[in-house]
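Structure, as structure tokens:
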Amino acid sequence: MNSNDLEIFESLVVKALTSQDNNERRQAQEALQKFTELDFWKQNLFILQQSKNPHAILYTSMNLTNILTRFVNSISPGDRLELRKTLLTVMAELGPQFWDNVPVRNALIGTFCRLQKLCWFDKDTSDIQASQTLVEDVMPFLKHSLAHSIIGIHLLQQMSEEISKRLPTISTPKQRKIAVIFRENSLQEIFKLGFSSMQVILGSQAKNDTEQRQQDILVQETLKLLLQVLSFDFIGTEPDESSDNIPIIHVPTTWQSIFDSRDSLQILFLCYEKFGPPHSTKCLEILSLLSRVRVSIFRTAELRTAWVSNLIDGIGAILTSQKDLDNVDNRHQMTRLLVSMKANYQLTHLLDCPNYSAFVHKVAEFSTSVFSDAQSFSSVYYVLHFWSRLVSAFKLIVRSETGPETHLSQLIPTLIKSFAESQISLSAHAHSEEPLASEHVSSILGEIPGLTRCEYVATSSILLNGLLSVFQNFQKVVNNNPVGPDVIVAEKQMAWMVYITSASLGARNRATGDKQEADQLDARALCCLFEGLTFHDGRLQRHGPSSASVHLELAFIYFLQMFCRTYISDAAFSSSTLIYELLSKQTNLKSPSEVVDFVLGQVIRLLRLWKDNSDIMEETLSSEGLFWCLATGFSSSKHMARSQLVTNVLENHTTIAVGEDKEIRRSFYKTLGRLLFGGAQMSNFHAFVMPWQKQLEQVKGAIMSGNKVEEGRQALSQILNDMRGFVVAIYSMERGYSAFFDWFYDETGLHEWLAQLMSQAANVGLEPEECWSIVHFVQQFSSNEHHRISFPITSANGIRLFRTSAQLLMYFGRYIMDKQGKGEDELDDLYKSLKLYLQCFCTIMSGGYTNFGVFDMYNDSTLNDLLNITCVLIFNLDLEQLDMYPKVHEAVYQALNLITTNHSAYLIQLEPQQFGQVLRILLRGLQAEAKNSLTLPCAAIDALFSRHIKNLVLASQNRRSVRIKELEPMAKHTASNQSLINALTIQLFNILLTMDQMHYTVSKPLLSLILMSQSDFSLIRNLMVKSQAHDESKANQLNQLFDVLMQDIQTNIESENRDKFTSNCSTFRAAVTAFIDLSALYKAIIAFNQE
């Protein structure tokens, strides 16, 4: 490549990255495509050395990174080390030019870091590994100009990140080995360099605007470096940062010197004082991580106390000065810092600090300011969590009379009062609707019980007074004007007090103090809440749901949930007699049974008034909703089983307005099914299904007679959707399935009628959605989840259930075939139908209640017909389109896996061309990029060919078996589809070598293919060995490793032999991936396929 070529290249890159003309951009990208290949890595390096164009440098850097990631073994160790030196030189030369160009800087440094990791164990002529000189190679950058320092610090930061990153081309053991070496040899030095760099910045002064800008970037990169080092995975656990659990940072013991002094904390607090946001925000993040370093790092208790004292003194100084705490991000990070500190250090550790008292009072003041700031609502959870952790520790420690005071008994009630008053005050503002709709509300309420345990009587009294005051104001405002802005504010204030007071009920059973006084306060609060709920109900009856707030309704649902969990149980009733006595005087709720009826009445009211509101319906009917919790609770379900109101609901369920939402209706009927089958209501089964039976008879007559067909189809879809939810609640044969089967299959013949209806789908004009509702129900009805279908051995019901479901599914399959090839507009519906068909097919074929051998014995073609239609549907698929529908893709391979596992004899009897189509689809499945998508194709290949291996073993032993007759058709299949079988074997080797932790999945089908034809395996082995012929040592090494792969492997697929081969595959992969030239291998495979 010469200077003219370089100019042309730069011009193409600029067009490819910046052109607004799509054709011009596409043509430029096509012209540049060759530079992404391995053969052009030296040209990319030449461009990097010669070009000054930022677009060209960015493009070639990304190319080199991708080439190195895919084909690092194709570049010799010497070339890799030379490339590493060249990249350092390029960064040193371009540093002054591109220090403020973030994309170019990221790309250049990213290439170097990826190369550094991939050539970690490479040695130069002095036998020194590249990993040993990392920090030494970066030091010249830090001693040069500010621009070079930016490059050096950024390089160390990105290197720390790169080491923690998982690469598919590096095995997990090697990945961890690199991380451990980096941790032991470099990470501590890098951490110290970060603090040294920050110390220099704090003591320097910029001379001009350019230096000021450079210094600002250097501060940013240095803070990122410190943050990245502390985020390093020190012990290989890959912690989930999104989890609520705060992980402890396990730094090595050799880092003790860092924590023996206060220098690191002092530098960070000085940095916070000197630099404003966003740098101060990063300082708080780093302090948060430092506070999570394991306590055992300190040599003595005195050193630990000194460290914690310095930490809380620094935090206290920030809270006192309030510097930059008006920034929302800083406030949020400060709350997270407090939580991290308490998560790691015990309350006793904090009490040992001289300034604990002043610190805890400053945090209380800060907490109050967070409560009152509408923009800091996302930080409220962390504040409450911090205090909740202190309270939980407060109950466990024993302090002497002369010991330091925790001050929690005085502060907690004040904080609870401040929180409640702040939310009431903020509710009066115009945009304060958002907090009640926030996802943080449930987390915040979860912390309230932990806080109120500290001084339950005092906090309950405060909350009661607040609730009474807000309720009185709510009544006054609503009575004056039922609709208006004042009512909206009063509703939000009432919702907050209902939420907070209800949450405090969860702490009652764990609270200490005067129980009688606590019960009296609870009773008064409950009476007020029930009275508020009754007042709210009356208002809705008069003015309708449009006059009320959704958030207030959700708050009352939350109250009912908390009340049921706390007070509806035999133990709670016996220990809460005072509460029920006071409740009976004001609300006429004398016992848990009456409360259950009251709550059930509220559920019916919610269904009637709010059926179109998804939030309220979810809180009422979901798996964690009010109705489901009531029906499944240990004590509440017993009360509901004896309730006459429940009986009335079960007998008249079709008259209850539930809305049109399908999922909500299924949830409702799932709960009803649980009530019916879970207790004493089982005898009401026929009374429950009778309304459905009458409706279905009307629907059947309407559809079959041709009168009101459309209305009949829609009604059928809704009934089947409801019954689908109902059937989900059936868990056993005795408690539900037997009764439902007898009614639905035998007494009414509805199952057979659905099959008949599906056969006439086109004639009666069934839409795809209506067909889906039928198949969805049949799938659920035929599902043997929880092993609920277990007919007696004298019963043929299992076979009858399968035959009818299979016939219906075959009619649906023919319906899909009629839709295939009719245009792109119906493509989504077609693939959804196909997905549903395959899912239902897998359900009925894996139910376990049918002996499939019966069909062949009695010449019944149902099973073969179903398999034929299923295979035709799969064979007719466009495999390119299939990749666009991942759920259908999964369903296809689930079905193929089931067929190959249980019905491989059927596949063996296919024509060679059809058998080849099966192999072609399985090969396509092996080419998926996601690991979880490879399991099913691998299992299907193993099931298909392991059966043939077993037959070969039987034949070699002169055993008499009906399976011997499968050998001849299988021999025809292998002869006709040899290229496909070889392609399967090659692709399995490719997966083994390029995907980490796949040896167990791949080893089983690979062993079956190898044992099936040793000559074909020898051909593939020679192909792979010859692909490395350009390096004789690699070829010889690979040939020896193939011997290791087949060492002690017998010609069978017994468990011991499989396990041995899996172990050999693991050894083979670990050794081969360290040196194999994948580029040469892929070229050899392409040439082999072309031949």
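Labels for the structure tokens follow display order: chains A, B, ..., residues from 1 in each chain, ligands from 1.
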Task: Non-local contacts of Phe1061 in chain A (8 Å; only C-alpha atoms; under 4 positions in same chain excluded) as a VMD selection string - done: chain A and resid 1003 1007 1045 to 1046 1049 1057 1065
Excluding Asn1036 in chain A and residues on its chain fewer than 6 positions from it, collect all residues at most 10 Å away from it, counting only C-alpha atoms, and give them as a PDB file with all heavy atoms, in the first residue's frame.
```pdb
ATOM      1  N   VAL A1025      -5.944 -31.290  10.189  1.00  0.00           N
ATOM      2  CA  VAL A1025      -4.490 -31.320  10.385  1.00  0.00           C
ATOM      3  C   VAL A1025      -3.781 -30.633   9.221  1.00  0.00           C
ATOM      4  O   VAL A1025      -2.860 -29.828   9.416  1.00  0.00           O
ATOM      5  CB  VAL A1025      -3.993 -32.768  10.550  1.00  0.00           C
ATOM      6  CG1 VAL A1025      -2.466 -32.821  10.527  1.00  0.00           C
ATOM      7  CG2 VAL A1025      -4.519 -33.367  11.848  1.00  0.00           C
ATOM      8  N   LYS A1026      -4.228 -30.910   7.995  1.00  0.00           N
ATOM      9  CA  LYS A1026      -3.587 -30.306   6.821  1.00  0.00           C
ATOM     10  C   LYS A1026      -3.800 -28.796   6.770  1.00  0.00           C
ATOM     11  O   LYS A1026      -2.992 -28.075   6.172  1.00  0.00           O
ATOM     12  CB  LYS A1026      -4.130 -30.952   5.545  1.00  0.00           C
ATOM     13  CG  LYS A1026      -3.629 -32.376   5.334  1.00  0.00           C
ATOM     14  CD  LYS A1026      -4.198 -32.968   4.051  1.00  0.00           C
ATOM     15  CE  LYS A1026      -3.694 -34.400   3.848  1.00  0.00           C
ATOM     16  NZ  LYS A1026      -4.260 -35.007   2.615  1.00  0.00           N
ATOM     17  N   GLN A1028      -3.334 -26.828   9.020  1.00  0.00           N
ATOM     18  CA  GLN A1028      -2.252 -26.206   9.790  1.00  0.00           C
ATOM     19  C   GLN A1028      -0.870 -26.550   9.219  1.00  0.00           C
ATOM     20  O   GLN A1028       0.150 -26.388   9.898  1.00  0.00           O
ATOM     21  CB  GLN A1028      -2.323 -26.688  11.250  1.00  0.00           C
ATOM     22  CG  GLN A1028      -3.687 -26.553  11.894  1.00  0.00           C
ATOM     23  CD  GLN A1028      -4.157 -25.122  11.979  1.00  0.00           C
ATOM     24  OE1 GLN A1028      -3.446 -24.263  12.506  1.00  0.00           O
ATOM     25  NE2 GLN A1028      -5.357 -24.855  11.453  1.00  0.00           N
ATOM     26  N   ALA A1029      -0.876 -27.039   7.966  1.00  0.00           N
ATOM     27  CA  ALA A1029       0.393 -27.511   7.381  1.00  0.00           C
ATOM     28  C   ALA A1029       1.405 -26.396   7.197  1.00  0.00           C
ATOM     29  O   ALA A1029       2.615 -26.664   7.071  1.00  0.00           O
ATOM     30  CB  ALA A1029       0.105 -28.188   6.039  1.00  0.00           C
TER      31      ALA A1029
END
```
Open item on the list: Can you tell me which residues surround range 474-486 of chain A at a distance of at most 9 Å, considering only C-alpha atoms, apart from same-chain residues fewer than 3 positions away, and format the answer as a ChimeraX atom specification?
Closed with: /A:428,469-471,489-491,493-494,532,535,539,543,547-548
Find the residues near range 143-155 of chain A: any atom within 6 Å, counting only C-alpha atoms, skip ones fewer than 4 places away on the same chain, and give them as a tab-separated table (two decimals) with C-alpha atoms, in the first residue's frame.
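Generated output (result.tsv):
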```tsv
chain	number	residue	atom	x	y	z
A	95	GLY	CA	-1.47	11.29	21.88
A	96	PRO	CA	-1.00	15.06	21.47
A	99	TRP	CA	-6.27	13.29	23.37
A	109	ILE	CA	-6.56	1.87	23.41
A	138	VAL	CA	2.74	2.76	30.41
A	159	MET	CA	-6.94	-2.67	30.58
A	218	LEU	CA	-7.27	13.60	33.20
A	221	GLU	CA	-10.03	9.30	33.43
```
Task: Contact residues around range 335-347 of chain A with only C-alpha atoms at 9 Å, ignoring same-chain residues under 4 positions, as JSON, numbers by chain - done: {"A": [246, 247, 248, 284, 285, 286, 287, 288, 289, 290, 291, 292, 293, 294, 295, 308, 315, 330, 331, 351, 352, 363, 367, 379, 380, 381, 382, 383, 385, 386, 387, 389, 390, 393, 394, 397, 406]}
Open item on the list: Show me, as number ranges by chain, the residues that have an atom within 12 Å of Leu87 in chain A when counting only C-alpha atoms, minus same-chain residues fewer than 2 positions from it.
Closed with: A: 44-49, 57, 60-61, 64-65, 80-85, 89-95, 107-116, 137-138, 155
TODO: Would you work out the distance separating CA of Leu1078 in chain A from CA of Thr974 in chain A, expressed in Å to one decimal?
DONE: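 That distance, rounded to one decimal, is 28.4 Å.
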Open item on the list: If you run DSSP on the backbone here, which positions in range 692-871 of chain A get helix (DSSP H, G or I)? Please write them as number ranges by chain.
Closed with: A: 692-705, 709-728, 733-747, 750-759, 761-764, 768-782, 785-787, 797-819, 824-845, 853-857, 862-871
- [ ] Extract, using only C-alpha atoms, all DNA, RNA and protein residues at most 9 Å from Lys224 in chain A, discarding same-chain residues fewer than 2 positions from it, and format them as a ChimeraX atom specification.
- [x] /A:154,157,219-222,226-229,282,286
